[in-house]
Number of protein chains: 2
Amino acid sequence: MNYRLIAKLLGSICYLIGGMMVFSLPWAWPALSGTNLSRPVETGGLIALCISIAICGLVGLVLRRWGKNAAIVLYRKEAMAVVGLSWVLATLLGALPFYFSGTSRGRENSTAPRPGSPIRMSLVDCMFESQSGFSTTGATVLTQIEDPELVPRCILFWRSSTHFLGGLGIIVLFVAVLGQGSAGKVMMRAEMPGPSKEGSQERMQHTAWVFTAIYCGLNAALAILLKIEGALVLSQGMSWFDALCHAFGTMATGGFSTHDCSIGYYNSQVIEYTITVFMILAGTNFTLLYFVLIFRPGKLWMDVEWRMYIAIILVVTMAIIGIAMYGYEDFNPERKLGPWEEFSQALRYGLFQVVSIMTTTGYGTHNFDAWHNFGRGALFLLMFIGGCAGSTGGGLKVIRHVLFVKILRLEIEKSYRPNVVRHLRLAGYTINDPELYKNILLYFGLILAIFALSWLALLLIEPDATWEARNQLDNKLIDSASAVAATLNNIGPGLGIVGAKENYADFNALSKLLFTFLMMLGRLEIFSILVLCVPSFWMNR
Amino acid sequence: MNYRLIAKLLGSICYLIGGMMVFSLPWAWPALSGTNLSRPVETGGLIALCISIAICGLVGLVLRRWGKNAAIVLYRKEAMAVVGLSWVLATLLGALPFYFSGTSRGRENSTAPRPGSPIRMSLVDCMFESQSGFSTTGATVLTQIEDPELVPRCILFWRSSTHFLGGLGIIVLFVAVLGQGSAGKVMMRAEMPGPSKEGSQERMQHTAWVFTAIYCGLNAALAILLKIEGALVLSQGMSWFDALCHAFGTMATGGFSTHDCSIGYYNSQVIEYTITVFMILAGTNFTLLYFVLIFRPGKLWMDVEWRMYIAIILVVTMAIIGIAMYGYEDFNPERKLGPWEEFSQALRYGLFQVVSIMTTTGYGTHNFDAWHNFGRGALFLLMFIGGCAGSTGGGLKVIRHVLFVKILRLEIEKSYRPNVVRHLRLAGYTINDPELYKNILLYFGLILAIFALSWLALLLIEPDATWEARNQLDNKLIDSASAVAATLNNIGPGLGIVGAKENYADFNALSKLLFTFLMMLGRLEIFSILVLCVPSFWMNR
């Protein structure tokens, strides 16, 4: 194992994280973020960020110094170690600003008429929040983010910045450099961006830059669009602070907001539909976005995965809306709306939530946990589908499900026609790769095993009191399952006590560590993290 | 497709089922079953059985007549069709006695002081009950089986007989004739019973007879043992009727009882531990039982699957008992018992329930649905493990899980050592069979897909009212999941409204049909049933 090279590369990650923190500094001045605060500057947050930047720089310096003369040969093992460890490192460094600033999770007895004293985030809370950001999950332990006395604005900006950085990491590391993993390989277009005749090294770098540009461009475009729309439809407008944070949360399919009610705070159809469109873009393969940008949008419709992605969104939305309008009052609570108005409401909230869960963003405009049970069940299953391969979305990815269904159909036929040889076909091409075939099945198996074991572990380590406090002990099994699904697939909100209007604050430290681990596992598609726990991985063979 | 041969073989199945019904006839005389009934004979049940026998004979005759001159060449497709269709046929024929006798599901408002009129079983109810018997699931729609006015004794005996026949069918068809399917093949001992040097046809027949003898012998042994124990420990003794029915339910890992409180009715430790031991035997590979019978019990301990099977039972039992004694009052509801007494109670009930669920029997002595949530979650997952391959137990089978874990471990290593070639090893032997490797993963994938889709379907077709009637709508998601798991894996009871003290009576007809289909799918390890739904399967290529 080439430890020195690993250290050197990790050192660069430290610099990157520290560099990103610099952009949070200006927001310590309330004037900039448009916050009403008696003090002219958030001293605590500012100092915390400065210390954190210093630590990032120091750790980076030490790591790079140690790895100075490393041989530049990166084998598969080293690459996996770098990917896995960089996420671990990011979690630790990203937690520092939360910790040093003394950010508060909320207040004791927050629902009482006179809430008690603030509850400081523990180290585990900080790590959870940091990992949730980098893994673009968007699960939070913060209950009152709108109060600048509890959560400094500059820290809140850092929280959303971790989404930006996490999404960028996925796009560059996984898509451009590592080539999208097993599911992605099959979708790897022959026409990837980049000078195609040259060596793979240069092409890879070119691809990385193109994707970075697309990603940053979309972030900027959404922020500007939100700012304009805010000025047009909101009485108070939307601050750059909010616009940027929500753009970061959307394009990374993260889900951190700057308001306790998430996107529902604005109560604006224009903003909701805008974010819906950008969530769909964020869950789309970036290679396809590149083709759209070079004026070849037809590639979108030719792509099997993207067609299925859109089809699932539409079918599930229609099913949920149809059932709700037929037999439930989910979108018409006071039974005052006519059918057309009810449909318009249902479409507005239903589509947003389906896209939000399917793309693994996790923004909320409606309390989907109070929907009819078919809707809740469908959203639960959507969590495992996720976005397209090569996007910032989490979950198992649509392409894996497409191939999974094709494999099952082939094998059912094979059971009674054992001698008929048929190959997997995708979009007219034959995929004659037994490794891919096995890897798809394997990935489902791994997710299943991790899901089941984590569920059991959570039932064991999280005491009943967490549910008893809300008189919902009956729901422990399903809530725990949804919490595991929502973190493993990088969504954020789940059902019940982690539902649309709830958060992860009440879990104990051990459970939060489990969630942190699951978010990391899901984000890096399992292997890069799991191998870190295998002793033989670290031994020089 | 050789339809005539299929018809001929199905005709024999009709005769077999009709023949088995004959054994239920004597129990129409209450004197024999020890029932207090004003009438000297259960006329309704007797006539229903006679009509059913006649129909079985007639259908059998027609089928055999049509298939008289069939070519005796059985290809894979025909074999699958026979296996699948024989279960469909058995479900239909087995439902006849319930239907013609006018057996009642229970009474209206059964909990009221003066219960209302009886509710007759619908055709779907009868099919559900019949399939539940043949698939050795033990899920029931009958709520008051102890009342001979509602359920004639001879019909109740037929109900338990379906277990006997179903278990025998599995042992003979799957284990002896088809060679245990993909998971079983690997465990297929080189030393299978039978004259090993001769051709596989004779050896197969010999194996089938040996297994039939073991199965019948164990049924008889348990019935006699229960009769003796009943005479010793129960004040009223145990009737042959009860002894036989419970022996059938145990050895087939079925779970139909003759009492509303299942085995808990007797409240006898001796009987409970006896049934526990026989449930463990019923979940053991019959090849191993054969070795024990020829005085080579060492084979048991040498068997990887059996060791794991026992280990899982012990570990889960200990975990459930330990957690319950540490923090819950599950086995000490009034807090009156000392630690030793509590442990003794916990072991008695805990072990019984763990074995009952793990072997997919489904008998009950304790309301496990009221246990702590870790226990409920663990039992839920145990449902998917099931018994050993080559036993009457359902579920995915222990060996598949053993291989699954080995495959996952191999692949995690492979992810960072892609060039190291390692093969699956089991009990010291190398299994170099990529088909098996794929089939294990595929089976998990299929079960996962069927489970998820059935869950969603059940959420859709079963109205909320079923839960609202008990004020438990919150539990719809988890209850539905457990109902699907309990039928797909052939257990019987699940959680919540299908919990230990509940049944499937309140579901609507569509849901019951879904459960019937799932029980069949699970019992025949999916493929034989799934292919029946594929049009191209039926086409002569």
# chains A, B, ... in the order shown; residues from 1 in each chain; ligands from 1
>>> interface_residues(of="chain B", to="chain A", cutoff="9 Å", atoms="only C-alpha atoms", output="PyMOL selection string")
chain B and resi 76-78+80+323+372-378+381+404-405+407-408+411-413+415-418+437-438+441-442+444-446+448-449+452+455-460+464+473-478+527-528+530-531+534+536-537
>>> residues_around(residues="B:Val292", least_positions_apart="5", cutoff="12 Å", atoms="only C-alpha atoms", output="list in words")
Pro193, Ile214, Leu281, Thr284, Asn285, Phe286, Thr287, Pro297, Gly298, Lys299, Leu300 and Trp301 of chain B
>>> write_last_selection(atoms="N, CA and C atoms", output="PDB file, in the first residue's frame")
ATOM      1  N   PRO B 193     -29.239 -41.596   0.252  1.00  0.00           N
ATOM      2  CA  PRO B 193     -29.739 -42.956   0.484  1.00  0.00           C
ATOM      3  C   PRO B 193     -30.066 -43.620  -0.851  1.00  0.00           C
ATOM      4  N   ILE B 214     -39.530 -41.969   6.432  1.00  0.00           N
ATOM      5  CA  ILE B 214     -39.062 -41.140   7.550  1.00  0.00           C
ATOM      6  C   ILE B 214     -40.142 -40.136   7.947  1.00  0.00           C
ATOM      7  N   LEU B 281     -36.561 -30.881  14.062  1.00  0.00           N
ATOM      8  CA  LEU B 281     -36.354 -32.027  13.170  1.00  0.00           C
ATOM      9  C   LEU B 281     -36.996 -31.781  11.807  1.00  0.00           C
ATOM     10  N   THR B 284     -34.987 -29.818   9.475  1.00  0.00           N
ATOM     11  CA  THR B 284     -33.675 -30.387   9.159  1.00  0.00           C
ATOM     12  C   THR B 284     -33.736 -31.116   7.820  1.00  0.00           C
ATOM     13  N   ASN B 285     -32.626 -31.082   7.090  1.00  0.00           N
ATOM     14  CA  ASN B 285     -32.533 -31.802   5.822  1.00  0.00           C
ATOM     15  C   ASN B 285     -32.841 -33.281   6.041  1.00  0.00           C
ATOM     16  N   PHE B 286     -33.752 -33.825   5.250  1.00  0.00           N
ATOM     17  CA  PHE B 286     -34.154 -35.214   5.457  1.00  0.00           C
ATOM     18  C   PHE B 286     -33.027 -36.202   5.190  1.00  0.00           C
ATOM     19  N   THR B 287     -32.073 -35.807   4.371  1.00  0.00           N
ATOM     20  CA  THR B 287     -30.921 -36.673   4.171  1.00  0.00           C
ATOM     21  C   THR B 287     -30.173 -36.875   5.484  1.00  0.00           C
ATOM     22  N   PRO B 297     -25.180 -40.309  13.525  1.00  0.00           N
ATOM     23  CA  PRO B 297     -25.607 -38.949  13.906  1.00  0.00           C
ATOM     24  C   PRO B 297     -24.501 -37.921  13.751  1.00  0.00           C
ATOM     25  N   GLY B 298     -23.258 -38.351  13.645  1.00  0.00           N
ATOM     26  CA  GLY B 298     -22.149 -37.424  13.462  1.00  0.00           C
ATOM     27  C   GLY B 298     -22.315 -36.552  12.228  1.00  0.00           C
ATOM     28  N   LYS B 299     -23.028 -37.088  11.241  1.00  0.00           N
ATOM     29  CA  LYS B 299     -23.285 -36.329  10.012  1.00  0.00           C
ATOM     30  C   LYS B 299     -23.964 -34.991  10.300  1.00  0.00           C
ATOM     31  N   LEU B 300     -24.799 -34.985  11.338  1.00  0.00           N
ATOM     32  CA  LEU B 300     -25.486 -33.753  11.716  1.00  0.00           C
ATOM     33  C   LEU B 300     -24.482 -32.649  11.989  1.00  0.00           C
ATOM     34  N   TRP B 301     -23.520 -32.945  12.856  1.00  0.00           N
ATOM     35  CA  TRP B 301     -22.566 -31.914  13.265  1.00  0.00           C
ATOM     36  C   TRP B 301     -21.603 -31.550  12.164  1.00  0.00           C
TER      37      TRP B 301
END
>>> calpha_fit_rmsd(fixed="chain A", moving="chain B")
0.0 Å
>>> residues_around(residues="A:Val398", least_positions_apart="6", cutoff="7 Å", atoms="only C-alpha atoms", output="JSON, numbers by chain")
{"A": [305, 309, 385, 386, 387, 388]}
>>> write_last_selection(atoms="all heavy atoms", output="PDB file, in the first residue's frame")
ATOM      1  N   GLU A 305     -32.153   4.805 -19.590  1.00  0.00           N
ATOM      2  CA  GLU A 305     -32.239   5.104 -18.165  1.00  0.00           C
ATOM      3  C   GLU A 305     -33.066   6.361 -17.923  1.00  0.00           C
ATOM      4  O   GLU A 305     -33.923   6.390 -17.044  1.00  0.00           O
ATOM      5  CB  GLU A 305     -30.839   5.276 -17.577  1.00  0.00           C
ATOM      6  CG  GLU A 305     -30.863   5.476 -16.067  1.00  0.00           C
ATOM      7  CD  GLU A 305     -29.482   5.707 -15.499  1.00  0.00           C
ATOM      8  OE1 GLU A 305     -28.596   6.193 -16.223  1.00  0.00           O
ATOM      9  OE2 GLU A 305     -29.288   5.411 -14.307  1.00  0.00           O
ATOM     10  N   TYR A 309     -36.461   6.848 -15.848  1.00  0.00           N
ATOM     11  CA  TYR A 309     -36.422   7.793 -14.716  1.00  0.00           C
ATOM     12  C   TYR A 309     -37.627   8.727 -14.773  1.00  0.00           C
ATOM     13  O   TYR A 309     -38.374   8.891 -13.796  1.00  0.00           O
ATOM     14  CB  TYR A 309     -35.082   8.536 -14.833  1.00  0.00           C
ATOM     15  CG  TYR A 309     -34.843   9.775 -14.021  1.00  0.00           C
ATOM     16  CD1 TYR A 309     -34.791   9.726 -12.628  1.00  0.00           C
ATOM     17  CD2 TYR A 309     -34.566  10.997 -14.654  1.00  0.00           C
ATOM     18  CE1 TYR A 309     -34.498  10.876 -11.904  1.00  0.00           C
ATOM     19  CE2 TYR A 309     -34.272  12.138 -13.932  1.00  0.00           C
ATOM     20  CZ  TYR A 309     -34.245  12.076 -12.564  1.00  0.00           C
ATOM     21  OH  TYR A 309     -33.952  13.202 -11.843  1.00  0.00           O
ATOM     22  N   ILE A 385     -34.740   3.524  -5.355  1.00  0.00           N
ATOM     23  CA  ILE A 385     -34.484   3.652  -6.789  1.00  0.00           C
ATOM     24  C   ILE A 385     -33.440   4.734  -7.033  1.00  0.00           C
ATOM     25  O   ILE A 385     -32.381   4.477  -7.554  1.00  0.00           O
ATOM     26  CB  ILE A 385     -35.789   3.934  -7.563  1.00  0.00           C
ATOM     27  CG1 ILE A 385     -36.724   2.723  -7.397  1.00  0.00           C
ATOM     28  CG2 ILE A 385     -35.485   4.192  -9.037  1.00  0.00           C
ATOM     29  CD1 ILE A 385     -37.994   2.799  -8.191  1.00  0.00           C
ATOM     30  N   GLY A 386     -33.753   5.955  -6.586  1.00  0.00           N
ATOM     31  CA  GLY A 386     -32.748   7.005  -6.711  1.00  0.00           C
ATOM     32  C   GLY A 386     -32.648   7.588  -8.110  1.00  0.00           C
ATOM     33  O   GLY A 386     -33.495   7.326  -8.968  1.00  0.00           O
ATOM     34  N   GLY A 387     -31.611   8.383  -8.331  1.00  0.00           N
ATOM     35  CA  GLY A 387     -31.439   9.086  -9.601  1.00  0.00           C
ATOM     36  C   GLY A 387     -30.778   8.222 -10.659  1.00  0.00           C
ATOM     37  O   GLY A 387     -30.707   7.003 -10.543  1.00  0.00           O
ATOM     38  N   CYS A 388     -30.314   8.859 -11.722  1.00  0.00           N
ATOM     39  CA  CYS A 388     -29.606   8.157 -12.791  1.00  0.00           C
ATOM     40  C   CYS A 388     -28.136   7.978 -12.384  1.00  0.00           C
ATOM     41  O   CYS A 388     -27.605   8.755 -11.597  1.00  0.00           O
ATOM     42  CB  CYS A 388     -29.666   8.958 -14.081  1.00  0.00           C
ATOM     43  SG  CYS A 388     -31.328   9.242 -14.704  1.00  0.00           S
TER      44      CYS A 388
END
>>> residues_around(residues="B:Ser161", least_positions_apart="2", cutoff="9 Å", atoms="only C-alpha atoms", output="VMD selection string")
chain B and resid 20 to 21 23 to 24 133 to 134 156 to 159 163 to 166 245 248 to 249
>>> write_last_selection(atoms="all heavy atoms", output="tab-separated table (two decimals), in the first residue's frame")
chain	number	residue	atom	x	y	z
B	20	MET	N	-56.72	-39.16	0.16
B	20	MET	CA	-56.39	-38.61	1.47
B	20	MET	C	-57.65	-38.14	2.19
B	20	MET	O	-57.73	-38.21	3.42
B	20	MET	CB	-55.43	-37.43	1.28
B	20	MET	CG	-54.80	-36.92	2.57
B	20	MET	SD	-53.60	-38.08	3.24
B	20	MET	CE	-53.60	-37.58	4.97
B	21	MET	N	-58.64	-37.66	1.41
B	21	MET	CA	-59.88	-37.18	2.03
B	21	MET	C	-60.62	-38.30	2.75
B	21	MET	O	-61.34	-38.05	3.72
B	21	MET	CB	-60.79	-36.57	0.95
B	21	MET	CG	-60.38	-35.18	0.50
B	21	MET	SD	-61.55	-34.56	-0.72
B	21	MET	CE	-60.69	-33.10	-1.29
B	23	PHE	N	-59.52	-40.43	4.68
B	23	PHE	CA	-59.10	-40.55	6.08
B	23	PHE	C	-59.78	-39.53	7.00
B	23	PHE	O	-59.72	-39.65	8.21
B	23	PHE	CB	-57.58	-40.40	6.19
B	23	PHE	CG	-56.84	-41.53	5.56
B	23	PHE	CD1	-56.34	-41.44	4.27
B	23	PHE	CD2	-56.66	-42.72	6.27
B	23	PHE	CE1	-55.67	-42.49	3.69
B	23	PHE	CE2	-55.98	-43.78	5.69
B	23	PHE	CZ	-55.49	-43.67	4.39
B	24	SER	N	-60.39	-38.49	6.40
B	24	SER	CA	-61.08	-37.51	7.23
B	24	SER	C	-62.50	-37.96	7.56
B	24	SER	O	-63.11	-37.45	8.51
B	24	SER	CB	-61.15	-36.16	6.50
B	24	SER	OG	-59.86	-35.69	6.25
B	133	GLY	N	-52.86	-24.77	3.73
B	133	GLY	CA	-52.57	-26.12	4.20
B	133	GLY	C	-51.54	-26.81	3.33
B	133	GLY	O	-50.50	-27.27	3.83
B	134	PHE	N	-51.78	-26.84	2.02
B	134	PHE	CA	-50.86	-27.56	1.13
B	134	PHE	C	-49.47	-26.92	1.10
B	134	PHE	O	-48.48	-27.61	0.94
B	134	PHE	CB	-51.44	-27.61	-0.28
B	134	PHE	CG	-52.51	-28.65	-0.45
B	134	PHE	CD1	-53.80	-28.30	-0.79
B	134	PHE	CD2	-52.22	-29.99	-0.24
B	134	PHE	CE1	-54.78	-29.26	-0.93
B	134	PHE	CE2	-53.21	-30.96	-0.38
B	134	PHE	CZ	-54.49	-30.60	-0.72
B	156	LEU	N	-62.06	-30.07	9.96
B	156	LEU	CA	-60.85	-29.63	10.64
B	156	LEU	C	-59.72	-30.65	10.43
B	156	LEU	O	-58.56	-30.29	10.27
B	156	LEU	CB	-61.14	-29.47	12.13
B	156	LEU	CG	-60.24	-28.50	12.90
B	156	LEU	CD1	-60.27	-27.11	12.28
B	156	LEU	CD2	-60.67	-28.42	14.35
B	157	PHE	N	-60.09	-31.94	10.43
B	157	PHE	CA	-59.07	-32.97	10.19
B	157	PHE	C	-58.56	-32.86	8.75
B	157	PHE	O	-57.36	-33.01	8.51
B	157	PHE	CB	-59.65	-34.36	10.45
B	157	PHE	CG	-58.58	-35.40	10.53
B	157	PHE	CD1	-57.91	-35.64	11.72
B	157	PHE	CD2	-58.23	-36.15	9.41
B	157	PHE	CE1	-56.90	-36.59	11.79
B	157	PHE	CE2	-57.21	-37.09	9.46
B	157	PHE	CZ	-56.57	-37.31	10.67
B	158	TRP	N	-59.47	-32.62	7.83
B	158	TRP	CA	-59.04	-32.43	6.44
B	158	TRP	C	-58.05	-31.27	6.33
B	158	TRP	O	-57.04	-31.33	5.63
B	158	TRP	CB	-60.23	-32.21	5.51
B	158	TRP	CG	-59.82	-31.73	4.16
B	158	TRP	CD1	-60.12	-30.54	3.57
B	158	TRP	CD2	-58.98	-32.42	3.22
B	158	TRP	NE1	-59.53	-30.44	2.35
B	158	TRP	CE2	-58.81	-31.59	2.11
B	158	TRP	CE3	-58.34	-33.67	3.25
B	158	TRP	CZ2	-58.04	-31.95	1.02
B	158	TRP	CZ3	-57.56	-34.03	2.15
B	158	TRP	CH2	-57.42	-33.18	1.05
B	159	ARG	N	-58.37	-30.20	7.07
B	159	ARG	CA	-57.51	-29.02	7.07
B	159	ARG	C	-56.09	-29.40	7.49
B	159	ARG	O	-55.11	-29.01	6.85
B	159	ARG	CB	-58.12	-28.00	8.04
B	159	ARG	CG	-57.41	-26.69	8.20
B	159	ARG	CD	-58.35	-25.76	8.95
B	159	ARG	NE	-57.71	-24.55	9.45
B	159	ARG	CZ	-57.25	-24.40	10.69
B	159	ARG	NH1	-57.33	-25.39	11.55
B	159	ARG	NH2	-56.72	-23.25	11.06
B	163	HIS	N	-51.81	-30.25	5.38
B	163	HIS	CA	-50.42	-30.08	5.81
B	163	HIS	C	-49.62	-31.33	5.53
B	163	HIS	O	-48.53	-31.29	4.95
B	163	HIS	CB	-50.36	-29.80	7.32
B	163	HIS	CG	-50.49	-28.35	7.67
B	163	HIS	ND1	-50.31	-27.34	6.77
B	163	HIS	CD2	-50.76	-27.74	8.85
B	163	HIS	CE1	-50.48	-26.17	7.37
B	163	HIS	NE2	-50.76	-26.39	8.64
B	164	PHE	N	-50.18	-32.46	5.99
B	164	PHE	CA	-49.48	-33.73	5.84
B	164	PHE	C	-49.13	-33.98	4.38
B	164	PHE	O	-47.99	-34.30	4.02
B	164	PHE	CB	-50.35	-34.87	6.40
B	164	PHE	CG	-49.74	-36.22	6.22
B	164	PHE	CD1	-48.77	-36.69	7.10
B	164	PHE	CD2	-50.13	-37.04	5.17
B	164	PHE	CE1	-48.19	-37.93	6.92
B	164	PHE	CE2	-49.56	-38.28	4.98
B	164	PHE	CZ	-48.59	-38.73	5.86
B	165	LEU	N	-50.14	-33.78	3.53
B	165	LEU	CA	-49.96	-34.05	2.11
B	165	LEU	C	-48.99	-33.04	1.48
B	165	LEU	O	-48.15	-33.41	0.66
B	165	LEU	CB	-51.32	-33.95	1.42
B	165	LEU	CG	-51.58	-34.84	0.23
B	165	LEU	CD1	-51.28	-36.29	0.55
B	165	LEU	CD2	-53.04	-34.72	-0.21
B	166	GLY	N	-49.11	-31.78	1.89
B	166	GLY	CA	-48.22	-30.74	1.37
B	166	GLY	C	-46.77	-31.03	1.73
B	166	GLY	O	-45.87	-30.95	0.89
B	245	CYS	N	-53.56	-34.18	14.46
B	245	CYS	CA	-53.56	-32.87	13.79
B	245	CYS	C	-52.31	-32.08	14.13
B	245	CYS	O	-51.71	-31.45	13.25
B	245	CYS	CB	-54.81	-32.08	14.18
B	245	CYS	SG	-56.31	-32.69	13.39
B	248	PHE	N	-49.31	-33.54	12.34
B	248	PHE	CA	-49.30	-33.10	10.94
B	248	PHE	C	-48.77	-31.67	10.84
B	248	PHE	O	-47.93	-31.36	9.99
B	248	PHE	CB	-50.71	-33.15	10.34
B	248	PHE	CG	-51.27	-34.53	10.16
B	248	PHE	CD1	-52.61	-34.73	9.87
B	248	PHE	CD2	-50.45	-35.66	10.29
B	248	PHE	CE1	-53.13	-36.01	9.69
B	248	PHE	CE2	-50.97	-36.94	10.12
B	248	PHE	CZ	-52.32	-37.11	9.83
B	249	GLY	N	-49.31	-30.80	11.70
B	249	GLY	CA	-48.92	-29.39	11.65
B	249	GLY	C	-47.44	-29.19	11.95
B	249	GLY	O	-46.80	-28.29	11.41
